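Asks: Provided herewith is a single structure, encoded as structure tokens, for subsequent inquiry.
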Amino acid sequence: MPNQLGSLDQVFQALADPTRRDMVERLIRGPASVTELARPHAMSLPAAMQHLQVLEACGLVRSAKAGRVRTCHIEPDVLRAAEDWIASQRTAWEGRLDRLGDYLAGPP
């Protein structure tokens with residue numbers, strides 16, 4: 001789980017790519033092989049592996065090889081840490097916008 005800002009930065013950088021976001025969305029439904037993750041994007045296995053390496057480097061995904069098949073799994077704690085950060089930012093901004101709305105509405 002990312003426990004420092006640098007790790008969280010890596011998670012958001014990894015999620016900035018639409019192909020990697022799609023892979024994460026697929027893995028949320030359950031484990032998948034590299035071939036399954038590459039298929040919807042019509043990409044080569046080496047290209048899919050490059051995307052998966054980025055996701056593994058930030059901790060969002062882990063993979064294991066059994067025979068000739070590499071199966072990938074999502075790491076929910078890492079995804080949850082990113083979600084928690086977003087939620088805290090949303091809460092802070094909602095409070096600021098509420099105060100701005102009150103200020104703009106003027107005295108009661």
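Naming scheme: A, B, ... for chains in displayed order of the structure tokens; residues 1 onward per chain; ligands 1 onward as shown.
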If we count only C-alpha atoms and set the cut-off at 10 Å, which residues sit around range 76-92 of chain A, ignoring sequence neighbours fewer than 4 positions away in its own chain? Please answer as an mmCIF file with N, CA, C and O atoms, in the first residue's frame.
Replies:
```cif
data_model
loop_
_atom_site.group_PDB
_atom_site.id
_atom_site.type_symbol
_atom_site.label_atom_id
_atom_site.label_comp_id
_atom_site.auth_asym_id
_atom_site.auth_seq_id
_atom_site.Cartn_x
_atom_site.Cartn_y
_atom_site.Cartn_z
ATOM 1 N N MET A 1 0.846 -1.170 0.000
ATOM 2 C CA MET A 1 0.000 0.000 0.000
ATOM 3 C C MET A 1 0.892 1.232 0.000
ATOM 4 O O MET A 1 1.850 1.304 0.740
ATOM 5 N N PRO A 2 0.538 2.240 -0.817
ATOM 6 C CA PRO A 2 1.367 3.425 -0.808
ATOM 7 C C PRO A 2 1.229 4.141 0.525
ATOM 8 O O PRO A 2 0.143 4.433 0.963
ATOM 9 N N ASN A 3 2.349 4.388 1.170
ATOM 10 C CA ASN A 3 2.289 5.065 2.455
ATOM 11 C C ASN A 3 3.037 6.383 2.417
ATOM 12 O O ASN A 3 3.259 6.988 3.420
ATOM 13 N N SER A 7 4.703 7.219 -3.679
ATOM 14 C CA SER A 7 4.008 6.018 -4.129
ATOM 15 C C SER A 7 2.649 6.375 -4.718
ATOM 16 O O SER A 7 2.235 5.810 -5.723
ATOM 17 N N LEU A 8 1.957 7.279 -4.077
ATOM 18 C CA LEU A 8 0.659 7.709 -4.580
ATOM 19 C C LEU A 8 0.821 8.407 -5.926
ATOM 20 O O LEU A 8 -0.007 8.227 -6.827
ATOM 21 N N ASP A 9 1.893 9.174 -6.078
ATOM 22 C CA ASP A 9 2.177 9.803 -7.374
ATOM 23 C C ASP A 9 2.325 8.751 -8.460
ATOM 24 O O ASP A 9 1.814 8.919 -9.568
ATOM 25 N N VAL A 11 0.984 5.778 -8.527
ATOM 26 C CA VAL A 11 -0.331 5.192 -8.795
ATOM 27 C C VAL A 11 -1.106 6.073 -9.766
ATOM 28 O O VAL A 11 -1.652 5.601 -10.766
ATOM 29 N N PHE A 12 -1.143 7.381 -9.492
ATOM 30 C CA PHE A 12 -1.885 8.276 -10.377
ATOM 31 C C PHE A 12 -1.230 8.380 -11.753
ATOM 32 O O PHE A 12 -1.923 8.493 -12.768
ATOM 33 N N VAL A 24 -7.001 -2.169 -15.241
ATOM 34 C CA VAL A 24 -7.368 -2.158 -13.823
ATOM 35 C C VAL A 24 -8.858 -2.448 -13.673
ATOM 36 O O VAL A 24 -9.264 -3.257 -12.827
ATOM 37 N N ILE A 28 -10.465 -5.653 -11.612
ATOM 38 C CA ILE A 28 -11.360 -5.485 -10.472
ATOM 39 C C ILE A 28 -12.416 -6.590 -10.477
ATOM 40 O O ILE A 28 -12.849 -7.051 -9.428
ATOM 41 N N CYS A 58 3.976 0.312 -9.412
ATOM 42 C CA CYS A 58 3.334 1.177 -8.417
ATOM 43 C C CYS A 58 2.542 0.370 -7.403
ATOM 44 O O CYS A 58 2.001 0.935 -6.452
ATOM 45 N N GLY A 59 2.456 -0.934 -7.589
ATOM 46 C CA GLY A 59 1.795 -1.794 -6.627
ATOM 47 C C GLY A 59 0.328 -2.065 -6.870
ATOM 48 O O GLY A 59 -0.305 -2.783 -6.095
ATOM 49 N N LEU A 60 -0.244 -1.511 -7.933
ATOM 50 C CA LEU A 60 -1.662 -1.727 -8.217
ATOM 51 C C LEU A 60 -1.972 -3.160 -8.635
ATOM 52 O O LEU A 60 -3.073 -3.656 -8.420
ATOM 53 N N VAL A 61 -1.011 -3.811 -9.271
ATOM 54 C CA VAL A 61 -1.222 -5.151 -9.826
ATOM 55 C C VAL A 61 -0.067 -6.041 -9.396
ATOM 56 O O VAL A 61 1.066 -5.583 -9.269
ATOM 57 N N ARG A 96 -15.023 24.066 1.104
ATOM 58 C CA ARG A 96 -14.628 25.391 0.589
ATOM 59 C C ARG A 96 -15.717 25.980 -0.305
ATOM 60 O O ARG A 96 -16.023 27.174 -0.233
ATOM 61 N N LEU A 97 -16.290 25.149 -1.152
ATOM 62 C CA LEU A 97 -17.338 25.645 -2.053
ATOM 63 C C LEU A 97 -18.600 26.018 -1.283
ATOM 64 O O LEU A 97 -19.286 26.991 -1.639
#
```
Asks: Leu27 in chain A: which residues within 8 Å, counting only C-alpha atoms, same-chain residues fewer than 4 positions away excluded, as a list of chain:residue names?
Replies: A:Met23, A:Pro31, A:Ala32, A:Cys72, A:His73, A:Ile74
Asks: Just the residues within 10 Å of Val34 in chain A, please, counting only C-alpha atoms, with nothing from its chain fewer than 2 positions along; format it as a compact mmCIF listing (two decimals) with N, CA, C and O atoms, in the first residue's frame.
Replies:
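So the final result, stored in out_7.txt, reads:
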```txt
# COMPACT_ATOMS: atom_id res chain seq x y z
N MET A 23 -7.28 -1.93 -18.02
CA MET A 23 -6.76 -3.18 -17.44
C MET A 23 -7.12 -3.28 -15.96
O MET A 23 -7.52 -4.34 -15.49
N PRO A 31 -9.12 -12.05 -11.47
CA PRO A 31 -7.83 -12.28 -12.12
C PRO A 31 -7.98 -12.51 -13.62
O PRO A 31 -9.02 -12.99 -14.08
N ALA A 32 -6.93 -12.16 -14.36
CA ALA A 32 -6.94 -12.35 -15.81
C ALA A 32 -5.52 -12.60 -16.30
O ALA A 32 -4.56 -12.11 -15.70
N GLU A 36 -5.68 -12.18 -21.97
CA GLU A 36 -7.03 -11.63 -21.79
C GLU A 36 -7.00 -10.11 -21.68
O GLU A 36 -7.89 -9.43 -22.20
N LEU A 37 -6.00 -9.58 -21.00
CA LEU A 37 -5.91 -8.13 -20.83
C LEU A 37 -5.52 -7.43 -22.12
O LEU A 37 -5.93 -6.30 -22.37
N ALA A 38 -4.74 -8.09 -22.96
CA ALA A 38 -4.29 -7.49 -24.23
C ALA A 38 -5.37 -7.55 -25.30
O ALA A 38 -5.46 -6.65 -26.14
N ARG A 39 -6.20 -8.59 -25.28
CA ARG A 39 -7.17 -8.84 -26.36
C ARG A 39 -8.05 -7.64 -26.72
O ARG A 39 -8.15 -7.29 -27.90
N SER A 44 0.06 -6.32 -28.92
CA SER A 44 0.93 -7.49 -28.75
C SER A 44 1.10 -7.78 -27.27
O SER A 44 0.90 -6.92 -26.41
N LEU A 45 1.51 -9.01 -26.98
CA LEU A 45 1.76 -9.37 -25.58
C LEU A 45 2.90 -8.55 -24.98
O LEU A 45 2.80 -8.12 -23.82
N PRO A 46 4.00 -8.29 -25.72
CA PRO A 46 5.04 -7.43 -25.15
C PRO A 46 4.53 -6.02 -24.81
O PRO A 46 4.91 -5.46 -23.78
N ALA A 48 1.42 -5.26 -23.97
CA ALA A 48 0.58 -5.42 -22.77
C ALA A 48 1.46 -5.58 -21.54
O ALA A 48 1.16 -5.02 -20.48
N MET A 49 2.55 -6.32 -21.67
CA MET A 49 3.46 -6.52 -20.54
C MET A 49 4.08 -5.19 -20.08
O MET A 49 4.28 -4.98 -18.88
N LEU A 52 1.55 -3.56 -17.97
CA LEU A 52 1.43 -4.28 -16.70
C LEU A 52 2.64 -4.03 -15.80
O LEU A 52 2.51 -3.97 -14.58
N SER A 63 1.41 -10.14 -10.33
CA SER A 63 1.21 -11.24 -11.27
C SER A 63 2.02 -12.45 -10.83
O SER A 63 3.00 -12.32 -10.09
N VAL A 69 1.51 -19.35 -18.56
CA VAL A 69 0.46 -18.34 -18.39
C VAL A 69 0.80 -17.44 -17.21
O VAL A 69 1.04 -17.91 -16.10
N ARG A 70 0.82 -16.13 -17.46
CA ARG A 70 1.01 -15.15 -16.39
C ARG A 70 -0.37 -14.58 -16.06
O ARG A 70 -1.05 -14.01 -16.90
N THR A 71 -0.76 -14.75 -14.80
CA THR A 71 -2.06 -14.28 -14.34
C THR A 71 -1.87 -13.06 -13.45
O THR A 71 -1.00 -13.04 -12.58
N CYS A 72 -2.69 -12.05 -13.70
CA CYS A 72 -2.59 -10.79 -12.97
C CYS A 72 -3.77 -10.64 -12.01
O CYS A 72 -4.88 -11.08 -12.29
```
Asks: Identify all residues of chain A in helix (DSSP H, G or I) (DSSP on the backbone) and supply them as a VMD selection string.
Replies: chain A and resid 5 to 15 18 to 28 34 to 41 45 to 57 76 to 105
Asks: Write down as a list in words the residues of chain A whose backbone DSSP state falls under strand (DSSP E).
Replies: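 Secondary structure check on chain A, strand (DSSP E): Ala32, Ser33, Val61, Arg62, Ser63, Ala64, Lys65, Ala66, Val69, Arg70, Thr71, Cys72, His73 and Ile74 of chain A.
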